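Structure below is protein.csv: CSV, C-alpha atoms.
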```
chain,number,residue,atom,x,y,z
A,1,MET,CA,-38.0,34.2,-38.1
A,2,PRO,CA,-36.2,34.1,-41.5
A,3,ALA,CA,-34.9,30.7,-42.6
A,4,ASP,CA,-31.3,32.0,-42.7
A,5,ALA,CA,-31.3,33.8,-39.4
A,6,PRO,CA,-28.9,32.5,-36.8
A,7,ILE,CA,-30.5,30.4,-34.1
A,8,GLU,CA,-29.6,31.3,-30.6
A,9,PRO,CA,-29.7,28.2,-28.3
A,10,LYS,CA,-31.9,28.9,-25.3
A,11,ASP,CA,-30.6,25.8,-23.6
A,12,PRO,CA,-27.0,24.9,-24.3
A,13,LEU,CA,-26.7,21.8,-26.3
A,14,PRO,CA,-24.9,18.8,-24.7
A,15,GLY,CA,-21.2,18.2,-25.6
A,16,PRO,CA,-20.0,15.5,-27.9
A,17,GLY,CA,-20.0,12.9,-25.1
A,18,GLN,CA,-23.5,13.8,-23.9
A,19,ARG,CA,-26.0,12.7,-26.3
A,20,ARG,CA,-29.5,13.9,-25.7
A,21,LEU,CA,-32.7,12.8,-27.3
A,22,THR,CA,-34.3,15.9,-28.8
A,23,ARG,CA,-36.7,16.8,-31.7
A,24,SER,CA,-34.8,17.9,-34.7
A,25,THR,CA,-35.4,21.4,-36.1
A,26,THR,CA,-33.3,20.8,-39.2
A,27,ASP,CA,-34.5,17.3,-40.3
A,28,LYS,CA,-38.2,17.5,-39.9
A,29,HIS,CA,-41.4,16.8,-41.8
A,30,ILE,CA,-43.9,17.2,-39.0
A,31,ALA,CA,-42.4,17.9,-35.6
A,32,GLY,CA,-38.8,16.5,-36.0
A,33,VAL,CA,-39.4,13.4,-33.9
A,34,ALA,CA,-38.1,10.9,-36.4
A,35,GLY,CA,-35.2,13.3,-37.3
A,36,GLY,CA,-34.3,13.5,-33.6
A,37,LEU,CA,-34.5,9.8,-33.1
A,38,GLY,CA,-32.4,9.1,-36.2
A,39,HIS,CA,-29.7,11.6,-35.0
A,40,TYR,CA,-29.7,10.1,-31.5
A,41,PHE,CA,-29.4,6.4,-32.7
A,42,GLY,CA,-27.2,7.2,-35.6
A,43,VAL,CA,-29.5,5.8,-38.3
A,44,ASP,CA,-31.4,7.2,-41.2
A,45,PRO,CA,-34.5,9.0,-39.9
A,46,ILE,CA,-36.5,7.4,-42.7
A,47,VAL,CA,-36.4,4.2,-40.7
A,48,PHE,CA,-38.3,5.9,-37.9
A,49,ARG,CA,-40.7,7.6,-40.3
A,50,VAL,CA,-41.6,4.3,-41.9
A,51,ALA,CA,-42.0,2.7,-38.5
A,52,PHE,CA,-44.2,5.5,-37.2
A,53,GLY,CA,-46.3,5.4,-40.3
A,54,ALA,CA,-46.7,1.6,-40.3
A,55,ALA,CA,-47.5,1.5,-36.6
A,56,ALA,CA,-50.0,4.3,-37.1
A,57,LEU,CA,-51.7,2.5,-39.9
A,58,VAL,CA,-51.8,-1.0,-38.2
A,59,SER,CA,-53.1,0.0,-34.8
A,60,GLY,CA,-52.8,3.7,-34.4
A,61,ILE,CA,-50.2,3.2,-31.7
A,62,GLY,CA,-47.6,5.0,-33.9
A,63,LEU,CA,-49.7,8.2,-33.7
A,64,VAL,CA,-50.0,8.0,-30.0
A,65,ALA,CA,-46.2,7.4,-29.6
A,66,TYR,CA,-45.5,10.3,-31.9
A,67,ILE,CA,-47.8,12.7,-29.9
A,68,ALA,CA,-46.2,11.5,-26.7
A,69,LEU,CA,-42.7,12.2,-28.1
A,70,VAL,CA,-43.7,15.6,-29.4
A,71,ALA,CA,-45.0,16.5,-25.9
A,72,PHE,CA,-42.1,15.1,-23.9
A,73,LEU,CA,-39.0,15.8,-26.1
A,74,PRO,CA,-37.3,19.2,-26.1
A,75,SER,CA,-36.2,20.7,-29.3
A,76,ASP,CA,-32.5,20.6,-30.4
A,77,ASP,CA,-32.5,24.4,-30.6
A,78,GLY,CA,-32.9,24.7,-26.9
A,79,ASP,CA,-36.7,25.0,-26.8
A,80,PRO,CA,-38.0,23.1,-23.8
A,81,ALA,CA,-40.5,20.2,-24.2
A,82,TRP,CA,-44.2,21.2,-24.3
A,83,ILE,CA,-44.7,19.4,-21.0
A,84,ASP,CA,-42.0,21.4,-19.2
A,85,GLY,CA,-43.5,24.0,-16.9
A,86,ARG,CA,-46.9,22.5,-17.1
A,87,SER,CA,-48.8,21.7,-13.9
A,88,LYS,CA,-48.7,18.2,-12.3
A,89,VAL,CA,-52.4,17.9,-13.1
A,90,THR,CA,-51.8,18.6,-16.8
A,91,THR,CA,-48.9,16.1,-16.9
A,92,ALA,CA,-50.9,13.4,-15.1
A,93,VAL,CA,-53.9,13.9,-17.3
A,94,LEU,CA,-51.8,13.8,-20.5
A,95,VAL,CA,-50.0,10.7,-19.4
A,96,GLY,CA,-53.2,9.0,-18.3
A,97,VAL,CA,-55.0,9.9,-21.6
A,98,LEU,CA,-52.1,8.7,-23.7
A,99,GLY,CA,-51.8,5.5,-21.7
A,100,VAL,CA,-55.5,4.7,-21.9
A,101,VAL,CA,-55.5,5.4,-25.7
A,102,ALA,CA,-52.4,3.3,-26.2
A,103,ILE,CA,-53.7,0.3,-24.2
A,104,SER,CA,-57.0,0.5,-25.9
A,105,MET,CA,-55.3,0.4,-29.3
A,106,LEU,CA,-53.1,-2.5,-28.4
A,107,ALA,CA,-55.8,-4.6,-26.7
A,108,PRO,CA,-59.2,-5.9,-27.9
A,109,PRO,CA,-62.1,-3.4,-27.4
A,110,ALA,CA,-63.5,-5.3,-24.5
A,111,PHE,CA,-60.2,-4.7,-22.6
A,112,PHE,CA,-60.8,-0.9,-22.7
A,113,PHE,CA,-64.2,-1.2,-20.9
A,114,GLY,CA,-63.4,-4.4,-19.0
A,115,PRO,CA,-61.5,-5.3,-16.0
A,116,GLY,CA,-58.1,-5.3,-17.8
A,117,LEU,CA,-57.8,-1.6,-18.0
A,118,LEU,CA,-59.1,-1.2,-14.5
A,119,GLY,CA,-56.5,-3.6,-13.4
A,120,VAL,CA,-53.7,-1.7,-15.1
A,121,ALA,CA,-55.0,1.6,-13.7
A,122,ALA,CA,-55.4,0.1,-10.2
A,123,PHE,CA,-51.8,-1.4,-10.3
A,124,THR,CA,-50.4,1.9,-11.6
A,125,ALA,CA,-52.2,4.0,-9.0
A,126,LEU,CA,-51.2,1.6,-6.2
A,127,ALA,CA,-47.6,1.7,-7.3
A,128,LEU,CA,-47.6,5.5,-7.4
A,129,VAL,CA,-49.4,5.8,-4.0
A,130,LEU,CA,-47.0,3.3,-2.4
A,131,PHE,CA,-44.0,5.1,-3.9
A,132,ARG,CA,-45.2,8.4,-2.4
A,133,ALA,CA,-46.1,6.6,0.9
A,134,PHE,CA,-42.5,5.4,1.2
A,135,GLY,CA,-41.4,9.1,0.9
A,136,GLY,CA,-40.5,9.1,-2.8
A,137,ARG,CA,-40.1,12.3,-4.8
A,138,LYS,CA,-39.6,12.5,-8.5
A,139,ASP,CA,-36.5,14.8,-8.1
A,140,GLU,CA,-34.6,12.9,-5.6
A,141,ASP,CA,-31.3,11.0,-5.8
A,142,PRO,CA,-31.6,8.1,-8.3
A,143,ALA,CA,-30.2,5.5,-5.8
A,144,ARG,CA,-32.7,6.5,-3.2
A,145,MET,CA,-35.4,6.5,-5.8
A,146,ILE,CA,-34.6,3.0,-6.9
A,147,ALA,CA,-34.6,1.8,-3.3
A,148,ARG,CA,-38.0,3.4,-2.7
A,149,ALA,CA,-39.3,2.0,-6.0
A,150,THR,CA,-38.2,-1.4,-4.9
A,151,LEU,CA,-39.9,-1.1,-1.6
A,152,ALA,CA,-43.0,0.1,-3.4
A,153,LEU,CA,-42.8,-2.9,-5.8
A,154,ILE,CA,-42.6,-5.2,-2.8
A,155,GLY,CA,-45.6,-3.4,-1.3
A,156,VAL,CA,-47.5,-3.8,-4.6
A,157,ALA,CA,-46.7,-7.6,-4.7
A,158,ALA,CA,-47.8,-8.0,-1.1
A,159,ALA,CA,-51.0,-6.1,-1.8
A,160,LEU,CA,-51.8,-8.2,-4.9
A,161,GLY,CA,-51.1,-11.3,-2.9
A,162,ALA,CA,-53.5,-10.1,-0.2
A,163,ALA,CA,-56.1,-9.1,-2.7
A,164,THR,CA,-55.9,-12.6,-4.3
A,165,GLY,CA,-56.3,-14.2,-0.9
A,166,VAL,CA,-59.3,-12.0,-0.2
A,167,GLY,CA,-60.8,-12.9,-3.6
A,168,LEU,CA,-60.3,-16.6,-3.1
A,169,VAL,CA,-61.9,-16.6,0.4
A,170,ALA,CA,-64.8,-14.7,-1.0
A,171,ALA,CA,-65.2,-17.0,-4.0
A,172,LEU,CA,-64.9,-20.1,-1.8
A,173,GLY,CA,-68.0,-19.1,0.2
A,174,GLY,CA,-66.6,-16.5,2.6
A,175,GLY,CA,-68.2,-13.6,0.7
A,176,PRO,CA,-70.7,-12.5,3.3
A,177,ALA,CA,-67.9,-12.6,6.0
A,178,MET,CA,-65.6,-10.6,3.8
A,179,ALA,CA,-68.4,-8.1,3.1
A,180,GLY,CA,-69.0,-7.8,6.8
A,181,LEU,CA,-65.3,-7.3,7.3
A,182,ALA,CA,-65.4,-4.5,4.7
A,183,ILE,CA,-68.2,-2.8,6.5
A,184,PHE,CA,-66.3,-3.1,9.8
A,185,ALA,CA,-63.2,-1.7,8.1
A,186,GLY,CA,-65.2,1.2,6.9
A,187,LEU,CA,-66.5,2.0,10.4
A,188,MET,CA,-62.9,1.8,11.6
A,189,LEU,CA,-61.8,4.2,8.9
A,190,ILE,CA,-64.5,6.7,10.0
A,191,THR,CA,-63.4,6.3,13.6
A,192,VAL,CA,-59.7,6.8,12.8
A,193,GLY,CA,-60.7,9.7,10.6
A,194,PHE,CA,-62.3,11.5,13.5
A,195,LEU,CA,-59.2,10.9,15.5
A,196,GLY,CA,-56.9,12.3,12.7
A,197,GLY,CA,-55.2,8.9,12.0
A,198,PRO,CA,-52.9,8.1,9.1
A,199,ARG,CA,-54.4,8.1,5.6
A,200,TRP,CA,-52.4,5.0,4.5
A,201,LEU,CA,-55.0,2.9,6.2
A,202,ILE,CA,-57.1,3.5,3.1
A,203,LEU,CA,-54.7,1.2,1.2
A,204,PRO,CA,-55.3,-2.1,3.1
A,205,VAL,CA,-59.0,-1.4,3.0
A,206,THR,CA,-58.8,-1.0,-0.7
A,207,VAL,CA,-57.1,-4.3,-1.0
A,208,LEU,CA,-60.0,-5.8,0.9
A,209,VAL,CA,-62.8,-4.1,-1.0
A,210,LEU,CA,-61.7,-4.3,-4.6
A,211,PRO,CA,-61.4,-8.1,-4.9
A,212,LEU,CA,-64.7,-8.4,-3.1
A,213,ALA,CA,-66.3,-6.2,-5.6
A,214,VAL,CA,-64.9,-8.2,-8.5
A,215,VAL,CA,-66.0,-11.5,-7.0
A,216,SER,CA,-69.5,-10.2,-6.3
A,217,ALA,CA,-69.9,-8.6,-9.8
A,218,ALA,CA,-68.6,-11.7,-11.6
A,219,ASP,CA,-70.7,-14.1,-9.4
A,220,LEU,CA,-67.4,-16.0,-9.0
A,221,ASP,CA,-68.1,-19.2,-7.0
A,222,LEU,CA,-65.2,-21.6,-6.7
A,223,THR,CA,-67.1,-24.1,-4.5
A,224,GLY,CA,-67.4,-27.4,-6.2
A,225,GLY,CA,-63.8,-28.5,-6.4
A,226,THR,CA,-61.1,-28.2,-9.0
A,227,GLY,CA,-59.9,-30.2,-11.9
A,228,GLU,CA,-61.0,-31.6,-15.2
A,229,ARG,CA,-64.3,-33.5,-15.3
A,230,GLU,CA,-66.2,-35.3,-18.0
A,231,HIS,CA,-69.7,-36.5,-17.8
A,232,ARG,CA,-71.4,-38.7,-20.4
A,233,PRO,CA,-74.9,-39.6,-19.4
A,234,LEU,CA,-76.6,-42.3,-21.5
A,235,THR,CA,-80.3,-41.6,-20.7
A,236,VAL,CA,-82.3,-38.6,-19.6
A,237,ALA,CA,-82.6,-40.2,-16.1
A,238,ASP,CA,-78.8,-40.1,-15.9
A,239,ILE,CA,-78.7,-36.3,-16.3
A,240,ARG,CA,-77.8,-34.6,-13.1
A,241,PRO,CA,-79.6,-31.6,-11.7
A,242,GLU,CA,-76.4,-29.6,-12.0
A,243,TYR,CA,-72.9,-30.1,-13.3
A,244,ARG,CA,-70.4,-28.0,-11.3
A,245,VAL,CA,-66.7,-27.3,-11.0
A,246,GLY,CA,-65.2,-24.6,-8.9
A,247,ALA,CA,-62.0,-24.1,-11.0
A,248,GLY,CA,-61.1,-26.1,-14.0
A,249,ARG,CA,-62.9,-27.7,-17.0
A,250,ILE,CA,-66.1,-29.6,-17.3
A,251,GLU,CA,-67.5,-31.4,-20.3
A,252,VAL,CA,-71.0,-32.7,-20.5
A,253,ASP,CA,-71.4,-35.0,-23.5
A,254,LEU,CA,-75.1,-35.7,-24.2
A,255,ARG,CA,-74.7,-37.2,-27.6
A,256,ASP,CA,-75.8,-40.7,-26.4
A,257,VAL,CA,-79.0,-39.3,-24.8
A,258,THR,CA,-82.3,-39.5,-26.6
A,259,LEU,CA,-84.2,-36.4,-25.5
A,260,PRO,CA,-88.0,-36.6,-25.1
A,261,ALA,CA,-90.3,-34.2,-26.8
A,262,GLY,CA,-90.5,-30.8,-25.0
A,263,ARG,CA,-87.8,-29.1,-22.9
A,264,THR,CA,-84.9,-30.8,-21.1
A,265,GLU,CA,-82.7,-28.6,-19.0
A,266,VAL,CA,-79.1,-29.1,-18.2
A,267,LYS,CA,-77.5,-26.8,-15.6
A,268,VAL,CA,-73.7,-26.2,-15.8
A,269,SER,CA,-71.8,-24.0,-13.3
A,270,VAL,CA,-68.2,-23.1,-13.5
A,271,GLY,CA,-66.5,-20.7,-11.1
A,272,ALA,CA,-63.4,-20.1,-13.2
A,273,GLY,CA,-62.5,-22.2,-16.2
A,274,GLU,CA,-64.3,-23.8,-19.2
A,275,ALA,CA,-67.5,-25.7,-19.8
A,276,ARG,CA,-68.3,-27.6,-22.9
A,277,VAL,CA,-71.6,-29.1,-23.7
A,278,LEU,CA,-72.2,-31.5,-26.6
A,279,PRO,CA,-75.9,-31.8,-27.4
A,280,PRO,CA,-77.5,-34.9,-29.0
A,281,SER,CA,-78.2,-34.7,-32.7
A,282,GLY,CA,-81.4,-33.4,-34.1
A,283,VAL,CA,-82.4,-31.2,-31.1
A,284,CYS,CA,-82.9,-27.5,-30.8
A,285,VAL,CA,-80.5,-25.9,-28.3
A,286,SER,CA,-81.5,-22.9,-26.2
A,287,THR,CA,-79.2,-21.2,-23.7
A,288,THR,CA,-79.8,-19.2,-20.6
A,289,GLY,CA,-77.6,-17.9,-17.7
A,290,SER,CA,-74.6,-15.6,-17.9
A,291,ILE,CA,-70.8,-15.3,-17.9
A,292,GLY,CA,-69.2,-12.8,-15.4
A,293,ILE,CA,-66.1,-12.3,-17.5
A,294,GLY,CA,-65.3,-14.3,-20.6
A,295,ALA,CA,-66.7,-15.6,-23.8
A,296,ALA,CA,-69.2,-18.1,-25.1
A,297,ASP,CA,-69.3,-20.0,-28.4
A,298,LEU,CA,-73.0,-20.9,-28.9
A,299,PRO,CA,-74.9,-22.4,-31.8
A,300,SER,CA,-76.4,-18.9,-32.2
A,301,GLY,CA,-73.0,-17.2,-32.4
A,302,THR,CA,-70.1,-15.9,-30.3
A,303,GLU,CA,-70.5,-13.6,-27.3
A,304,GLU,CA,-67.7,-12.1,-25.2
A,305,GLY,CA,-67.1,-9.4,-22.6
A,306,VAL,CA,-68.2,-8.6,-19.1
A,307,ASN,CA,-71.6,-9.8,-17.8
A,308,VAL,CA,-72.3,-11.7,-21.0
A,309,PRO,CA,-76.0,-12.7,-21.1
A,310,LEU,CA,-76.6,-16.2,-22.6
A,311,ASP,CA,-80.3,-15.9,-23.2
A,312,HIS,CA,-81.1,-17.3,-26.6
A,313,ARG,CA,-84.3,-19.2,-27.3
A,314,SER,CA,-84.4,-21.6,-30.1
A,315,SER,CA,-87.7,-22.0,-31.9
A,316,ALA,CA,-88.7,-25.6,-31.2
A,317,SER,CA,-90.4,-26.6,-34.5
A,318,GLY,CA,-91.5,-29.9,-33.1
A,319,LYS,CA,-88.1,-31.1,-32.2
A,320,PRO,CA,-86.9,-31.8,-28.6
A,321,GLU,CA,-85.4,-28.7,-27.0
A,322,LEU,CA,-82.3,-28.8,-24.9
A,323,VAL,CA,-81.9,-25.8,-22.6
A,324,VAL,CA,-78.4,-25.2,-21.4
A,325,ASP,CA,-78.5,-23.1,-18.2
A,326,ALA,CA,-74.9,-22.0,-17.7
A,327,GLU,CA,-73.4,-19.8,-14.9
A,328,ILE,CA,-69.7,-19.1,-15.6
A,329,GLY,CA,-67.9,-16.7,-13.2
A,330,VAL,CA,-64.7,-16.2,-15.3
A,331,GLY,CA,-64.1,-18.3,-18.3
A,332,HIS,CA,-65.4,-19.8,-21.5
A,333,LEU,CA,-68.6,-21.7,-22.5
A,334,ASP,CA,-68.7,-23.9,-25.6
A,335,VAL,CA,-72.0,-25.3,-26.7
A,336,VAL,CA,-71.4,-27.3,-29.8
A,337,ARG,CA,-73.9,-27.0,-32.6
A,338,PRO,CA,-75.9,-30.3,-32.8
A,339,LEU,CA,-75.9,-32.4,-35.9
A,340,GLY,CA,-79.2,-31.9,-37.7
A,341,GLY,CA,-79.9,-28.7,-35.7
A,342,ASN,CA,-80.0,-26.0,-34.6
A,343,CYS,CA,-83.5,-24.6,-35.1
A,344,GLY,CA,-82.6,-20.9,-35.5
B,1,MET,CA,-52.2,15.1,7.4
B,2,LYS,CA,-52.8,17.0,10.6
B,3,ARG,CA,-52.8,14.6,13.6
B,4,GLY,CA,-55.4,15.2,16.2
B,5,ARG,CA,-57.8,16.8,13.8
B,6,ALA,CA,-60.6,15.0,12.0
B,7,ASP,CA,-59.5,13.8,8.6
B,8,ARG,CA,-62.3,14.3,6.1
B,9,THR,CA,-60.7,12.1,3.5
B,10,LEU,CA,-60.6,9.1,5.9
B,11,ILE,CA,-64.2,9.7,6.9
B,12,VAL,CA,-65.3,9.8,3.3
B,13,ALA,CA,-63.3,6.7,2.5
B,14,GLY,CA,-64.9,5.0,5.4
B,15,VAL,CA,-68.4,5.9,4.2
B,16,ALA,CA,-67.5,4.7,0.7
B,17,THR,CA,-66.1,1.4,2.0
B,18,ILE,CA,-69.3,0.8,4.0
B,19,ALA,CA,-71.4,1.5,0.9
B,20,LEU,CA,-69.4,-0.9,-1.2
B,21,GLY,CA,-69.3,-3.5,1.6
B,22,ALA,CA,-73.1,-3.3,2.0
B,23,LEU,CA,-73.5,-3.7,-1.8
B,24,ALA,CA,-71.3,-6.8,-1.7
B,25,LEU,CA,-73.1,-8.2,1.3
B,26,LEU,CA,-76.5,-7.8,-0.3
B,27,ASP,CA,-75.1,-9.6,-3.4
B,28,GLN,CA,-73.4,-12.3,-1.5
B,29,THR,CA,-76.6,-13.1,0.5
B,30,GLY,CA,-78.6,-13.2,-2.7
B,31,THR,CA,-80.8,-10.2,-1.8
B,32,ILE,CA,-79.7,-8.4,-5.0
B,33,ASP,CA,-77.7,-9.4,-8.0
B,34,VAL,CA,-74.9,-6.9,-8.5
B,35,ARG,CA,-73.3,-7.0,-12.0
B,36,PHE,CA,-70.3,-5.3,-13.4
B,37,ASP,CA,-72.6,-2.7,-14.9
B,38,TYR,CA,-73.4,-1.5,-11.4
B,39,MET,CA,-70.4,-2.4,-9.4
B,40,LEU,CA,-67.8,-0.8,-11.7
B,41,PRO,CA,-69.4,2.7,-11.7
B,42,ALA,CA,-70.0,2.3,-7.9
B,43,VAL,CA,-66.3,1.5,-7.4
B,44,LEU,CA,-65.2,4.4,-9.7
B,45,ALA,CA,-67.6,6.8,-8.0
B,46,ALA,CA,-66.3,5.8,-4.6
B,47,ILE,CA,-62.7,6.3,-5.7
B,48,GLY,CA,-63.7,9.6,-7.2
B,49,VAL,CA,-65.4,10.9,-4.1
B,50,VAL,CA,-62.4,10.0,-2.0
B,51,LEU,CA,-60.0,11.7,-4.4
B,52,LEU,CA,-62.3,14.8,-4.5
B,53,SER,CA,-62.3,14.9,-0.8
B,54,ALA,CA,-58.5,14.6,-0.6
B,55,GLY,CA,-58.1,17.3,-3.2
B,56,LEU,CA,-60.5,19.7,-1.6
B,57,GLY,CA,-58.8,19.1,1.7
B,58,GLU,CA,-55.4,20.2,0.5
```
Take the structure in this file and express it as structure tokens.
Amino acid sequence: MPADAPIEPKDPLPGPGQRRLTRSTTDKHIAGVAGGLGHYFGVDPIVFRVAFGAAALVSGIGLVAYIALVAFLPSDDGDPAWIDGRSKVTTAVLVGVLGVVAISMLAPPAFFFGPGLLGVAAFTALALVLFRAFGGRKDEDPARMIARATLALIGVAAALGAATGVGLVAALGGGPAMAGLAIFAGLMLITVGFLGGPRWLILPVTVLVLPLAVVSAADLDLTGGTGEREHRPLTVADIRPEYRVGAGRIEVDLRDVTLPAGRTEVKVSVGAGEARVLPPSGVCVSTTGSIGIGAADLPSGTEEGVNVPLDHRSSASGKPELVVDAEIGVGHLDVVRPLGGNCG
Amino acid sequence: MKRGRADRTLIVAGVATIALGALALLDQTGTIDVRFDYMLPAVLAAIGVVLLSAGLGE
């Protein structure tokens, strides 16, 4: 089309009192998003261009936001948005991909592969399913939609509460019983399925199974009480077979202990929380065990993520060796570098 | 959903639930040690199978 040809609107533009966010066809450098935003908000589009550019350079999120706006905004000459007329599957896939990319850019890399993103996805899916379960449709009356969304939100809150309860029971020693209950619930679903029962029964079963899966995978064990505990043994004989706290913080200060030659093992278990170990000076510190979800600051370096292995063997070189055997469900382990050590 | 007829999605969801429950039971009793490396794909696969079943049943 020639540049001076008259443009015939395919979709009548809104009147003066009906502002509509669109992509600009007259003030554009790429797709007219910044121009459209500037026109809509009554500010110079250069503000949005700088913001998009800065956000794209800093974390890449500006690029994602720009792509999303290109896809979802119609043009001011009446052209519909790219997403208009696409299938529900295409829309869902695009929203999902953009959401995942945006979250992964805003959060640390571990979040993308870790439980954080899964949690966001599960929450979103649960909200959508509940919204539909309460009879919601995307084209219905706004008041009814808000009412249904509120109901769905209440449902999500109840589901999260129930999931937390199931997780706590499983982590406090009721895991086998909960797993048995899950198997029984599966059998009931099959029975109900053969009878043509309602599908929403899958939701409560999901609330039962998902926290159980997380507790099992993280080896989350909250037995052992809660609170903040400090232990400072003075001799090797004072060192307990295991230092444990279910939820909270535990500190094992071994700086007054003179370790004998050879290996001395200290076992530390935390269900959820933090463990700190202070070794005596002049020893080699080795670590073993694992962290379900969390991070570890060890003399050998920092580890973080999901299912973090803590296996690091320090070469003894004639010095006493302290082996910290740590099992952390969810949380942080801090093994302080000993004075005069570590042995590499 | 058609009442009175077997619902394949519910049946598949039941089987998936039993599989995940069995995995969790074996882990909780100390028979096997299930880590996120295995549990996460298992959960996602179970969700995928149920969604596939629901989609194919439409």
Between A:Leu333, A:Ile291, A:Ala34, A:Leu259, single out the one closest to chain B, counting all atoms listed in the file. A:Ile291
Within-12 Å shell of (-78.5, -39.5, -18.6) in input frame, all atoms listed in the file, as number ranges by chain: A: 231-241, 252-260, 264-266, 279-280
Taking only residues of chain A that have an atom at most 10 Å from an atom of chain B, what is each one's shortest atom pair and its distance in Å to one decimal, using all atoms listed in the file, in chain and number order, as a tab-separated table?
```
residue	atom	partner	partner_atom	distance
A:Phe113	CA	B:Leu40	CA	9.9
A:Gly114	CA	B:Phe36	CA	8.9
A:Pro115	CA	B:Leu40	CA	8.9
A:Leu118	CA	B:Leu40	CA	9.1
A:Ala170	CA	B:Gln28	CA	8.9
A:Ala171	CA	B:Gln28	CA	9.8
A:Gly173	CA	B:Gln28	CA	8.8
A:Gly174	CA	B:Gln28	CA	9.0
A:Gly175	CA	B:Gln28	CA	5.8
A:Pro176	CA	B:Leu25	CA	5.3
A:Ala177	CA	B:Leu25	CA	8.3
A:Met178	CA	B:Leu25	CA	8.3
A:Ala179	CA	B:Gly21	CA	4.9
A:Gly180	CA	B:Gly21	CA	6.8
A:Leu181	CA	B:Gly21	CA	7.9
A:Ala182	CA	B:Gly21	CA	5.1
A:Ile183	CA	B:Ile18	CA	4.5
A:Phe184	CA	B:Ile18	CA	7.6
A:Ala185	CA	B:Gly14	CA	7.4
A:Gly186	CA	B:Gly14	CA	4.1
A:Leu187	CA	B:Gly14	CA	6.0
A:Met188	CA	B:Gly14	CA	7.3
A:Leu189	CA	B:Gly14	CA	4.7
A:Ile190	CA	B:Ile11	CA	4.3
A:Thr191	CA	B:Ile11	CA	7.6
A:Val192	CA	B:Leu10	CA	7.3
A:Gly193	CA	B:Asp7	CA	4.7
A:Phe194	CA	B:Ala6	CA	4.2
A:Leu195	CA	B:Ala6	CA	5.6
A:Gly196	CA	B:Ala6	CA	4.6
A:Gly197	CA	B:Arg3	CA	6.4
A:Pro198	CA	B:Met1	CA	7.2
A:Arg199	CA	B:Leu10	CA	6.3
A:Trp200	CA	B:Leu10	CA	9.3
A:Leu201	CA	B:Leu10	CA	8.4
A:Ile202	CA	B:Ala13	CA	7.0
A:Val205	CA	B:Thr17	CA	7.7
A:Thr206	CA	B:Thr17	CA	8.1
A:Leu208	CA	B:Thr17	CA	9.5
A:Val209	CA	B:Gly21	CA	7.0
A:Leu210	CA	B:Val43	CA	7.9
A:Leu212	CA	B:Ala24	CA	6.9
A:Ala213	CA	B:Ala24	CA	6.4
A:Val214	CA	B:Phe36	CA	7.8
A:Val215	CA	B:Ala24	CA	8.8
A:Ser216	CA	B:Ala24	CA	6.0
A:Ala217	CA	B:Arg35	CA	4.4
A:Ala218	CA	B:Arg35	CA	6.7
A:Asp219	CA	B:Arg35	CA	8.0
A:Gly292	CA	B:Phe36	CA	7.8
A:Ile293	CA	B:Phe36	CA	9.1
A:Val306	CA	B:Phe36	CA	6.9
A:Asn307	CA	B:Phe36	CA	6.4
```
Please identify all polymer residues within 10 Å of range 57-69 of chain A, counting all atoms listed in the file, omitting same-chain residues fewer than 2 positions from it, and present them as a PyMOL selection string. chain A and resi 22-23+31-34+37+49+51-55+71-74+81-83+94-95+97-99+101-107
Atoms kept (C-alpha atoms) for selection, written as a PDB file, in the frame of the given file:
```pdb
ATOM      1  CA  THR A  22     -34.300  15.900 -28.800  1.00  0.00           C
ATOM      2  CA  ARG A  23     -36.700  16.800 -31.700  1.00  0.00           C
ATOM      3  CA  ALA A  31     -42.400  17.900 -35.600  1.00  0.00           C
ATOM      4  CA  GLY A  32     -38.800  16.500 -36.000  1.00  0.00           C
ATOM      5  CA  VAL A  33     -39.400  13.400 -33.900  1.00  0.00           C
ATOM      6  CA  ALA A  34     -38.100  10.900 -36.400  1.00  0.00           C
ATOM      7  CA  LEU A  37     -34.500   9.800 -33.100  1.00  0.00           C
ATOM      8  CA  ARG A  49     -40.700   7.600 -40.300  1.00  0.00           C
ATOM      9  CA  ALA A  51     -42.000   2.700 -38.500  1.00  0.00           C
ATOM     10  CA  PHE A  52     -44.200   5.500 -37.200  1.00  0.00           C
ATOM     11  CA  GLY A  53     -46.300   5.400 -40.300  1.00  0.00           C
ATOM     12  CA  ALA A  54     -46.700   1.600 -40.300  1.00  0.00           C
ATOM     13  CA  ALA A  55     -47.500   1.500 -36.600  1.00  0.00           C
ATOM     14  CA  ALA A  71     -45.000  16.500 -25.900  1.00  0.00           C
ATOM     15  CA  PHE A  72     -42.100  15.100 -23.900  1.00  0.00           C
ATOM     16  CA  LEU A  73     -39.000  15.800 -26.100  1.00  0.00           C
ATOM     17  CA  PRO A  74     -37.300  19.200 -26.100  1.00  0.00           C
ATOM     18  CA  ALA A  81     -40.500  20.200 -24.200  1.00  0.00           C
ATOM     19  CA  TRP A  82     -44.200  21.200 -24.300  1.00  0.00           C
ATOM     20  CA  ILE A  83     -44.700  19.400 -21.000  1.00  0.00           C
ATOM     21  CA  LEU A  94     -51.800  13.800 -20.500  1.00  0.00           C
ATOM     22  CA  VAL A  95     -50.000  10.700 -19.400  1.00  0.00           C
ATOM     23  CA  VAL A  97     -55.000   9.900 -21.600  1.00  0.00           C
ATOM     24  CA  LEU A  98     -52.100   8.700 -23.700  1.00  0.00           C
ATOM     25  CA  GLY A  99     -51.800   5.500 -21.700  1.00  0.00           C
ATOM     26  CA  VAL A 101     -55.500   5.400 -25.700  1.00  0.00           C
ATOM     27  CA  ALA A 102     -52.400   3.300 -26.200  1.00  0.00           C
ATOM     28  CA  ILE A 103     -53.700   0.300 -24.200  1.00  0.00           C
ATOM     29  CA  SER A 104     -57.000   0.500 -25.900  1.00  0.00           C
ATOM     30  CA  MET A 105     -55.300   0.400 -29.300  1.00  0.00           C
ATOM     31  CA  LEU A 106     -53.100  -2.500 -28.400  1.00  0.00           C
ATOM     32  CA  ALA A 107     -55.800  -4.600 -26.700  1.00  0.00           C
TER      33      ALA A 107
END
```
